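Shown next: target.cif, given as mmCIF, C-alpha atoms.
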data_input
#
loop_
_atom_site.label_atom_id
_atom_site.label_comp_id
_atom_site.auth_asym_id
_atom_site.auth_seq_id
_atom_site.Cartn_x
_atom_site.Cartn_y
_atom_site.Cartn_z
CA MET P 1 157.02 59.44 28.83
CA SER P 2 159.17 56.81 30.51
CA VAL P 3 159.87 53.66 28.55
CA ASN P 4 159.46 51.45 31.58
CA HIS P 5 156.96 50.80 34.34
CA PRO P 6 157.97 48.73 37.35
CA SER P 7 154.77 46.72 37.55
CA GLY P 8 154.32 46.08 33.83
CA ILE P 9 150.58 46.58 34.42
CA PHE P 10 149.63 50.26 34.21
CA CYS P 11 150.94 52.79 31.72
CA GLU P 12 152.54 55.97 33.00
CA HIS P 13 150.47 58.16 30.69
CA GLY P 14 146.79 58.85 31.18
CA PRO P 15 144.71 59.88 34.19
CA ARG P 16 144.11 58.12 37.49
CA LEU P 17 140.85 57.89 39.46
CA LEU P 18 138.82 59.66 36.77
CA GLN P 19 135.07 59.46 37.40
CA TRP P 20 132.39 60.98 35.16
CA SER P 21 129.39 59.97 37.25
CA GLU P 22 128.79 58.75 40.79
CA GLN P 23 125.67 56.84 39.78
CA GLY P 24 124.98 53.91 37.47
CA LEU P 25 125.35 50.15 37.21
CA LEU P 26 129.13 50.39 37.56
CA ALA P 27 129.16 53.02 40.31
CA ASP P 28 132.51 53.03 42.12
CA LYS P 29 133.80 49.98 40.23
CA ARG P 30 137.52 50.43 39.54
CA LEU P 31 138.05 50.14 35.78
CA ALA P 32 141.37 49.31 34.12
CA VAL P 33 141.51 50.11 30.41
CA LYS P 34 143.72 48.57 27.73
CA ASP P 35 145.83 51.27 26.12
CA LEU P 36 143.89 51.10 22.85
CA PHE P 37 140.72 52.91 23.98
CA ALA P 38 140.55 56.62 23.19
CA LEU P 39 139.96 58.97 26.11
CA LYS P 40 139.32 62.57 25.17
CA GLY P 41 142.34 64.75 25.88
CA TYR P 42 144.83 61.88 26.16
CA ARG P 43 147.04 59.85 23.85
CA ASN P 44 147.35 56.09 23.50
CA ALA P 45 150.69 54.33 23.06
CA ALA P 46 149.11 51.05 21.86
CA GLY P 47 152.18 49.35 23.30
CA ASN P 48 154.67 51.25 21.15
CA PRO P 49 156.52 54.56 21.82
CA ASP P 50 156.58 55.42 18.08
CA TRP P 51 152.78 55.18 17.98
CA TYR P 52 152.54 57.49 20.99
CA ALA P 53 154.92 60.00 19.41
CA SER P 54 153.15 60.05 16.04
CA HIS P 55 149.59 60.50 17.30
CA SER P 56 147.74 63.37 18.95
CA GLU P 57 145.39 63.52 21.90
CA ALA P 58 141.97 61.99 21.28
CA THR P 59 139.15 64.38 20.47
CA GLN P 60 136.47 61.87 21.46
CA THR P 61 136.26 59.02 23.97
CA ALA P 62 135.78 55.48 22.66
CA VAL P 63 132.09 54.51 22.69
CA SER P 64 132.58 51.49 24.96
CA LEU P 65 134.75 53.38 27.45
CA ALA P 66 132.28 56.28 27.54
CA ARG P 67 129.46 53.86 28.38
CA CYS P 68 131.45 52.49 31.32
CA LEU P 69 132.30 55.96 32.61
CA ASN P 70 128.73 57.18 32.21
CA ALA P 71 127.65 54.13 34.24
CA GLY P 72 129.77 55.27 37.19
CA ALA P 73 133.02 53.36 36.72
CA ILE P 74 136.23 54.91 38.03
CA PHE P 75 138.99 55.05 35.39
CA ASN P 76 141.96 53.53 37.21
CA GLY P 77 144.50 53.85 34.41
CA PHE P 78 145.53 52.68 30.97
CA THR P 79 147.07 49.20 30.96
CA ILE P 80 150.03 47.90 28.99
CA THR P 81 149.42 45.86 25.85
CA ASP P 82 151.56 43.98 23.38
CA GLU P 83 152.57 46.25 20.51
CA LEU P 84 149.46 47.18 18.50
CA ALA P 85 147.88 44.12 20.16
CA TYR P 86 149.55 41.81 17.63
CA ALA P 87 150.63 39.06 20.07
CA LEU P 88 149.37 36.54 22.61
CA GLN P 89 152.52 36.46 24.73
CA GLY P 90 152.01 39.33 27.16
CA ALA P 91 155.51 40.83 27.12
CA ASN P 92 156.33 44.33 25.89
CA MET P 93 159.98 45.20 25.31
CA HIS P 94 159.24 48.90 25.77
CA TYR P 95 157.02 48.90 28.85
CA GLY P 96 157.62 45.62 30.64
CA CYS P 97 156.04 42.26 31.34
CA ALA P 98 153.57 41.92 34.19
CA ASP P 99 154.27 39.02 36.51
CA ASN P 100 151.23 36.77 36.72
CA PRO P 101 149.52 37.52 40.08
CA LYS P 102 148.09 33.98 40.24
CA ALA P 103 151.20 32.17 38.91
CA PRO P 104 154.33 34.10 39.93
CA GLY P 105 157.21 33.74 37.51
CA HIS P 106 154.88 33.28 34.54
CA VAL P 107 153.38 35.63 31.94
CA CYS P 108 149.80 36.91 31.95
CA GLY P 109 149.25 36.31 28.25
CA GLY P 110 148.56 38.93 25.62
CA SER P 111 147.67 41.23 24.26
CA SER P 112 145.33 42.41 27.04
CA MET P 113 147.84 41.38 29.69
CA GLY P 114 147.83 44.61 31.68
CA SER P 115 144.06 44.61 32.05
CA ALA P 116 144.01 40.93 33.06
CA ALA P 117 146.84 41.45 35.56
CA ALA P 118 145.09 44.48 37.09
CA VAL P 119 141.96 42.43 37.81
CA ALA P 120 143.88 39.35 38.97
CA ALA P 121 145.96 41.50 41.34
CA ASN P 122 142.81 43.26 42.65
CA LEU P 123 144.02 46.60 41.32
CA ALA P 124 140.75 46.85 39.40
CA ASP P 125 137.30 45.33 39.74
CA ILE P 126 136.65 45.23 36.00
CA ALA P 127 138.78 45.87 32.95
CA LEU P 128 138.36 46.57 29.25
CA GLY P 129 140.44 44.61 26.77
CA THR P 130 140.23 43.64 23.14
CA ASP P 131 140.08 40.18 21.64
CA THR P 132 141.00 39.67 18.00
CA GLY P 133 142.74 36.29 18.10
CA GLY P 134 142.39 35.36 21.77
CA SER P 135 143.63 38.46 23.60
CA VAL P 136 140.98 38.32 26.34
CA ARG P 137 140.35 34.58 26.50
CA VAL P 138 144.01 33.56 26.85
CA PRO P 139 144.94 36.11 29.57
CA ALA P 140 141.74 35.26 31.46
CA SER P 141 142.76 31.61 31.43
CA TYR P 142 146.36 32.28 32.44
CA CYS P 143 145.35 34.66 35.25
CA GLY P 144 142.40 32.74 36.67
CA ILE P 145 139.71 35.38 36.07
CA TYR P 146 136.54 35.69 34.00
CA GLY P 147 136.83 37.07 30.49
CA ILE P 148 134.53 37.45 27.50
CA ARG P 149 135.00 37.79 23.77
CA PRO P 150 131.54 39.01 22.70
CA SER P 151 129.87 38.34 19.37
CA HIS P 152 131.56 40.24 16.58
CA ASN P 153 130.06 43.75 16.25
CA ALA P 154 127.96 43.31 19.41
CA VAL P 155 129.94 46.10 21.12
CA SER P 156 131.05 49.21 19.25
CA THR P 157 134.75 49.38 18.39
CA GLU P 158 134.51 53.09 17.55
CA GLY P 159 137.40 54.93 19.16
CA LEU P 160 139.77 51.95 19.37
CA VAL P 161 143.23 51.54 17.94
CA ALA P 162 142.24 48.74 15.56
CA LEU P 163 144.31 45.68 14.73
CA ALA P 164 142.21 43.68 12.28
CA PRO P 165 138.66 45.11 12.09
CA PRO P 166 137.03 41.98 10.63
CA PHE P 167 137.95 40.18 13.88
CA ASP P 168 138.40 42.93 16.51
CA THR P 169 136.05 42.79 19.50
CA VAL P 170 135.78 44.77 22.74
CA GLY P 171 136.07 42.26 25.57
CA TRP P 172 136.28 42.59 29.33
CA PHE P 173 137.50 40.92 32.52
CA ALA P 174 136.13 40.51 36.03
CA ASN P 175 136.87 38.50 39.15
CA ASN P 176 133.32 37.16 39.35
CA ALA P 177 130.42 36.27 37.08
CA ASP P 178 128.19 39.02 38.49
CA ASP P 179 130.58 41.83 37.55
CA LEU P 180 131.17 40.24 34.15
CA ALA P 181 127.40 40.25 33.53
CA LEU P 182 127.06 43.79 34.89
CA MET P 183 129.50 45.02 32.26
CA GLY P 184 127.39 43.20 29.68
CA GLU P 185 124.33 45.17 30.77
CA VAL P 186 126.25 48.38 30.13
CA LEU P 187 127.93 47.43 26.87
CA LEU P 188 125.69 44.96 25.04
CA PRO P 189 122.56 45.74 23.04
CA LYS P 190 119.25 44.09 23.79
CA GLN P 191 119.18 40.65 22.19
CA ASN P 192 116.45 38.18 21.32
CA SER P 193 118.09 34.93 22.37
CA ILE P 194 116.96 31.34 22.05
CA ALA P 195 117.05 29.38 25.31
CA ALA P 196 119.84 26.80 25.45
CA ARG P 197 118.79 23.15 25.19
CA SER P 198 122.04 21.22 25.47
CA VAL P 199 125.74 21.39 26.33
CA ILE P 200 128.07 20.01 23.67
CA ILE P 201 131.55 18.61 24.21
CA CYS P 202 133.72 17.72 21.22
CA GLU P 203 136.70 15.42 21.71
CA ASP P 204 138.45 16.76 18.62
CA ILE P 205 138.42 20.29 20.04
CA LEU P 206 139.53 19.06 23.48
CA ALA P 207 142.50 17.41 21.76
CA LEU P 208 143.89 20.86 20.89
CA ALA P 209 144.74 21.42 24.56
CA GLU P 210 147.27 19.78 26.83
CA PRO P 211 145.99 16.43 28.19
CA ASP P 212 145.67 17.70 31.78
CA ILE P 213 143.40 20.54 30.67
CA ALA P 214 141.34 18.28 28.41
CA ASP P 215 140.91 15.76 31.24
CA ALA P 216 139.83 18.49 33.66
CA ILE P 217 137.22 19.76 31.20
CA ARG P 218 135.88 16.24 30.64
CA ALA P 219 135.53 15.90 34.40
CA ALA P 220 133.87 19.31 34.80
CA ALA P 221 131.42 19.04 31.89
CA PRO P 222 128.74 16.84 33.58
CA ALA P 223 128.49 19.21 36.55
CA VAL P 224 128.28 22.24 34.24
CA ALA P 225 125.44 20.64 32.29
CA GLU P 226 123.67 19.66 35.53
CA GLN P 227 123.92 23.16 36.98
CA LEU P 228 122.45 24.55 33.77
CA SER P 229 119.74 21.86 33.83
CA LEU P 230 120.75 20.76 30.35
CA PRO P 231 121.72 17.41 28.83
CA LEU P 232 125.37 16.82 27.92
CA GLN P 233 126.03 15.53 24.41
CA HIS P 234 129.33 14.21 23.03
CA ARG P 235 130.09 14.87 19.38
CA ARG P 236 132.96 14.15 16.98
CA LEU P 237 134.15 15.71 13.75
CA ALA P 238 134.81 13.80 10.57
CA ALA P 239 138.44 13.23 9.57
CA ALA P 240 138.41 16.01 6.96
CA GLU P 241 136.82 18.37 9.49
CA VAL P 242 139.52 17.60 12.04
CA GLN P 243 142.13 18.39 9.41
CA LEU P 244 140.56 21.80 8.81
CA LEU P 245 140.29 22.40 12.57
CA ASN P 246 144.05 21.91 12.82
CA GLU P 247 144.57 24.35 9.93
CA LEU P 248 142.55 27.16 11.50
CA ASN P 249 145.72 28.78 12.81
CA THR P 250 146.91 29.35 9.23
CA VAL P 251 143.47 30.39 8.02
CA PHE P 252 143.12 32.94 10.79
CA SER P 253 146.71 34.18 10.51
CA VAL P 254 146.29 34.92 6.81
CA LEU P 255 142.95 36.70 7.13
CA GLN P 256 144.02 38.61 10.21
CA GLY P 257 147.34 39.43 8.56
CA ARG P 258 145.68 40.92 5.49
CA ALA P 259 143.45 43.06 7.70
CA CYS P 260 146.45 44.16 9.82
CA ALA P 261 148.39 45.18 6.71
CA GLU P 262 145.46 47.20 5.43
CA GLN P 263 145.03 48.86 8.82
CA HIS P 264 148.65 49.68 9.67
CA GLY P 265 150.78 49.17 6.55
CA VAL P 266 150.93 52.84 5.58
CA TRP P 267 151.81 53.95 9.10
CA ILE P 268 154.55 51.31 9.36
CA GLU P 269 156.08 52.28 6.01
CA ARG P 270 156.01 55.96 6.94
CA ASN P 271 157.26 55.75 10.55
CA LYS P 272 159.53 52.68 10.56
CA PRO P 273 158.57 51.88 14.18
CA SER P 274 160.76 49.85 16.51
CA PHE P 275 158.95 46.53 17.08
CA GLU P 276 159.89 43.44 19.04
CA ALA P 277 161.36 40.96 16.54
CA ALA P 278 158.43 38.52 16.42
CA ILE P 279 155.88 41.32 15.94
CA ALA P 280 158.02 42.99 13.26
CA GLU P 281 158.24 39.65 11.46
CA ARG P 282 154.46 39.18 11.77
CA PHE P 283 153.75 42.56 10.21
CA ALA P 284 156.32 42.01 7.45
CA LYS P 285 154.72 38.70 6.53
CA ALA P 286 151.26 40.22 6.64
CA MET P 287 152.27 42.91 4.17
CA THR P 288 153.45 40.35 1.62
CA LEU P 289 150.45 38.01 1.62
CA SER P 290 149.29 37.09 -1.87
CA GLU P 291 145.74 37.29 -3.18
CA ALA P 292 145.83 33.52 -3.68
CA GLU P 293 146.65 32.95 0.00
CA VAL P 294 143.83 35.24 1.09
CA LEU P 295 141.34 33.61 -1.28
CA THR P 296 142.23 30.12 -0.04
CA ALA P 297 141.91 31.23 3.58
CA SER P 298 138.54 32.87 2.88
CA GLN P 299 137.24 29.67 1.32
CA LYS P 300 138.41 27.64 4.30
CA GLN P 301 136.75 30.11 6.65
CA LEU P 302 133.43 29.52 4.87
CA SER P 303 133.97 25.76 5.14
CA TRP P 304 134.67 26.03 8.86
CA GLN P 305 131.53 28.11 9.39
CA GLN P 306 129.44 25.35 7.82
CA ILE P 307 131.15 22.68 9.95
CA PHE P 308 130.58 24.77 13.04
CA LYS P 309 126.85 25.11 12.32
CA ARG P 310 126.60 21.33 12.08
CA LEU P 311 128.60 20.85 15.27
CA ILE P 312 126.49 23.13 17.46
CA ALA P 313 122.97 24.36 16.82
CA GLU P 314 121.63 27.82 17.61
CA ASP P 315 120.39 26.56 20.98
CA ASP P 316 123.55 24.64 21.96
CA ILE P 317 126.35 25.66 24.33
CA LEU P 318 129.82 24.35 23.47
CA ILE P 319 132.24 23.69 26.33
CA LEU P 320 135.87 23.91 25.22
CA PRO P 321 139.36 24.92 26.37
CA SER P 322 140.13 28.64 26.58
CA SER P 323 143.84 28.03 26.12
CA VAL P 324 145.94 25.05 25.10
CA SER P 325 148.16 25.32 28.19
CA THR P 326 148.63 27.13 31.46
CA ALA P 327 150.71 30.30 31.61
CA PRO P 328 154.25 29.83 30.27
CA LYS P 329 157.37 31.41 31.69
CA PRO P 330 158.67 34.62 30.05
CA ASP P 331 161.66 32.87 28.50
CA GLN P 332 159.60 30.08 26.92
CA SER P 333 159.51 30.09 23.11
CA GLN P 334 156.17 31.48 21.91
CA SER P 335 156.23 30.61 18.20
CA GLU P 336 154.83 27.08 18.41
CA LEU P 337 152.53 27.98 21.30
CA ARG P 338 151.01 30.85 19.30
CA GLN P 339 150.13 28.54 16.41
CA ARG P 340 148.53 26.01 18.75
CA LEU P 341 146.58 28.77 20.48
CA LEU P 342 145.28 30.19 17.20
CA SER P 343 143.81 26.85 16.11
CA LEU P 344 141.76 26.96 19.30
CA THR P 345 140.88 30.66 19.52
CA ALA P 346 140.03 30.86 15.80
CA ILE P 347 137.02 28.60 16.41
CA ALA P 348 135.14 31.66 17.69
CA GLY P 349 137.10 34.24 15.73
CA LEU P 350 136.21 32.82 12.33
CA THR P 351 132.53 32.42 13.24
CA GLY P 352 131.97 35.64 15.19
CA SER P 353 130.75 33.67 18.20
CA VAL P 354 130.56 34.75 21.84
CA GLN P 355 132.92 32.92 24.20
CA ILE P 356 133.38 33.28 27.96
CA HIS P 357 136.24 31.92 30.06
CA VAL P 358 135.27 30.43 33.44
CA PRO P 359 138.18 30.06 35.92
CA SER P 360 136.99 26.75 37.32
CA PHE P 361 140.08 24.68 38.10
CA THR P 362 143.85 24.72 38.43
CA ILE P 363 146.52 22.50 36.92
CA THR P 364 149.45 21.43 39.09
CA GLU P 365 152.79 21.77 37.31
CA GLN P 366 156.17 21.49 39.01
CA GLY P 367 154.57 21.90 42.41
CA MET P 368 152.58 25.02 41.49
CA ASP P 369 148.79 25.19 41.13
CA LYS P 370 148.37 27.27 37.97
CA PRO P 371 145.07 28.82 36.84
CA SER P 372 143.11 27.27 34.01
CA GLY P 373 139.45 26.55 33.33
CA TYR P 374 137.10 26.18 30.41
CA SER P 375 135.07 28.33 28.03
CA LEU P 376 131.41 28.27 27.15
CA LEU P 377 130.58 29.34 23.61
CA ARG P 378 127.39 30.13 21.72
CA HIS P 379 126.56 31.37 18.25
CA SER P 380 126.64 35.11 17.61
CA GLY P 381 123.86 37.12 19.23
CA HIS P 382 123.50 35.09 22.43
CA ASP P 383 125.88 37.11 24.61
CA GLN P 384 123.44 38.10 27.35
CA ALA P 385 122.00 34.59 27.55
CA LEU P 386 125.48 33.10 27.91
CA LEU P 387 126.38 35.63 30.61
CA ALA P 388 123.23 34.59 32.44
CA SER P 389 124.25 30.94 32.11
CA ILE P 390 127.66 31.67 33.61
CA ARG P 391 125.97 33.13 36.70
CA GLU P 392 124.20 29.82 37.30
CA ILE P 393 127.47 27.89 37.57
CA ILE P 394 128.93 27.55 41.04
#
In structure tokens, how does this file's structure come out?
Amino acid sequence: MSVNHPSGIFCEHGPRLLQWSEQGLLADKRLAVKDLFALKGYRNAAGNPDWYASHSEATQTAVSLARCLNAGAIFNGFTITDELAYALQGANMHYGCADNPKAPGHVCGGSSMGSAAAVAANLADIALGTDTGGSVRVPASYCGIYGIRPSHNAVSTEGLVALAPPFDTVGWFANNADDLALMGEVLLPKQNSIAARSVIICEDILALAEPDIADAIRAAAPAVAEQLSLPLQHRRLAAAEVQLLNELNTVFSVLQGRACAEQHGVWIERNKPSFEAAIAERFAKAMTLSEAEVLTASQKQLSWQQIFKRLIAEDDILILPSSVSTAPKPDQSQSELRQRLLSLTAIAGLTGSVQIHVPSFTITEQGMDKPSGYSLLRHSGHDQALLASIREII
């Protein structure tokens, strides 16, 4: 297996144009698949050559991928991911960095960058990704496409290379709301959802993003509410709640880190894999987390869940940024950006909520119109209803 791919989008291993059925809801839709989903008879690299070398061919196909193939989708190839999906940057030192099709010279975001790039470049109609800490929502925002992180446990993760099971979700991308919803019909269970009654905008959450993005969402929110035939309500958090909101990056990092260490610690110790420096450091820190750190983070997660329930009710839709910025350049430092992103993406991650990115506007930076947009979010279990809402927005 070559250690490089010129496009930085598709892996060199795995099949091309594989179709199980010519009929179904996804008939003839080209499907790109993040290189974490098992396909019977093939190996995954999960973004790392040492993983590929130390694992055998899958004996079963991942449940979610099998559903897509049984529904008529055409497997168009495995897509490159950050190593073991433990990054939001979208650059893999082993297999390359896809250039952003909608913002040339900029990254696509990680860790589902290959899948996002495939859809944005029209090399696929739909794509499977995973979202643990933002790995669908951030690339969707950077690449100007639709993307969903479903409610936790709404879609089976059986057959995936896991990262942090308490937060792992199977997400997906599409170029339009109809295809995004079509994937939901294939992958999501039937749900008894409460009709939405209001759209909520929270200034304290908007403040996590760059001012241009926050301003654009403020401007877009009234039209979104009008198109959904719902009232728009403005809400604020108390000072102590804002403080916790700004600490969510640490809370999530600790809880995710503990889960990552439990999932991959033994394999790392045994195989001594070659990781990009930041990912190696992340795993090393995860494997030394103390029980006290985990306990404190767990308590703060519970506190955030209570705050979140007060902020939005079961029948509310929250409009919020999907990312704190537009796509950065490959050489831009990612450490600070990652922490800012996690405070935003952990809002859904720590509550198990469903969140969908809508590519509704661009931000002009240095003469370039770069993709951005907003997310709509609802409490867990309202995935299909939120997908239906997205289809009503022009």
Spatial neighbours of Glu365 (chain P), 10 Å, only C-alpha atoms, chain gap at least 5 places, as a ChimeraX atom specification: /P:212,326,370
The PyMOL selection byres ((chain P and resi 252) around 12) resolved against shown file, as a PyMOL selection string: chain P and resi 132-134+164+166-167+244-251+253-260+286+293-294+296-302+304+338-351
One number please: CA of Phe37 (chain P) to CA of Thr288 (chain P), in Å, one decimal.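 Those two atoms sit 28.6 Å apart.
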Which residue gives the smallest distance to Leu88 (chain P) among P:Leu230, P:Ile307, P:Ala278, P:Ala71, with all atoms listed in the file counted? P:Ala278
Between P:Glu314, P:Ser380, P:Gln263, P:Leu69, single out the one closest to Ala195 (chain P), counting all atoms listed in the file.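 Distance minimum relative to Ala195 (chain P) lands on P:Glu314.
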Step by step, work through what the PyMOL selection byres ((chain P and resi 331) around 12) selects in the shown file, and finish by giving those residues as a VMD selection string. chain P and resid 89 to 91 97 105 to 107 327 to 330 332 to 335
Give me, as a list in words, all polymer residues having an atom no more than 7 Å from region 137-141 of chain P, counting only C-alpha atoms and skipping those fewer than 6 positions away in the same chain.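 Listing them by chain and then by number gives Cys108, Gly109, Gly110, Ser112, Met113, Ala116, Gly147, Ile148, Arg149, Ser322, Ser323, His357, Pro359, Pro371, Ser372 and Gly373 of chain P.
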Quick check, in Å to one decimal: how far apart do CA of Ser115 (chain P) and CA of Gly184 (chain P) lie?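 Atom-to-atom, CA of Ser115 (chain P) to CA of Gly184 (chain P), that is 16.9 Å.
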Among listed residues P:Phe75, P:Ala124, P:Leu36, P:Tyr95, nearest Asp168 (chain P) (using all atoms listed in the file): P:Leu36
Between P:Ile74, P:Gly24, P:Gly14, P:Asn92, which is the closest to Glu57 (chain P) once you count all atoms listed in the file?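 Once distances to Glu57 (chain P) are computed over all atoms listed in the file, the minimum belongs to P:Gly14.
Between CA of Asp316 (chain P) and CA of Ala196 (chain P) the separation is 5.5 Å.
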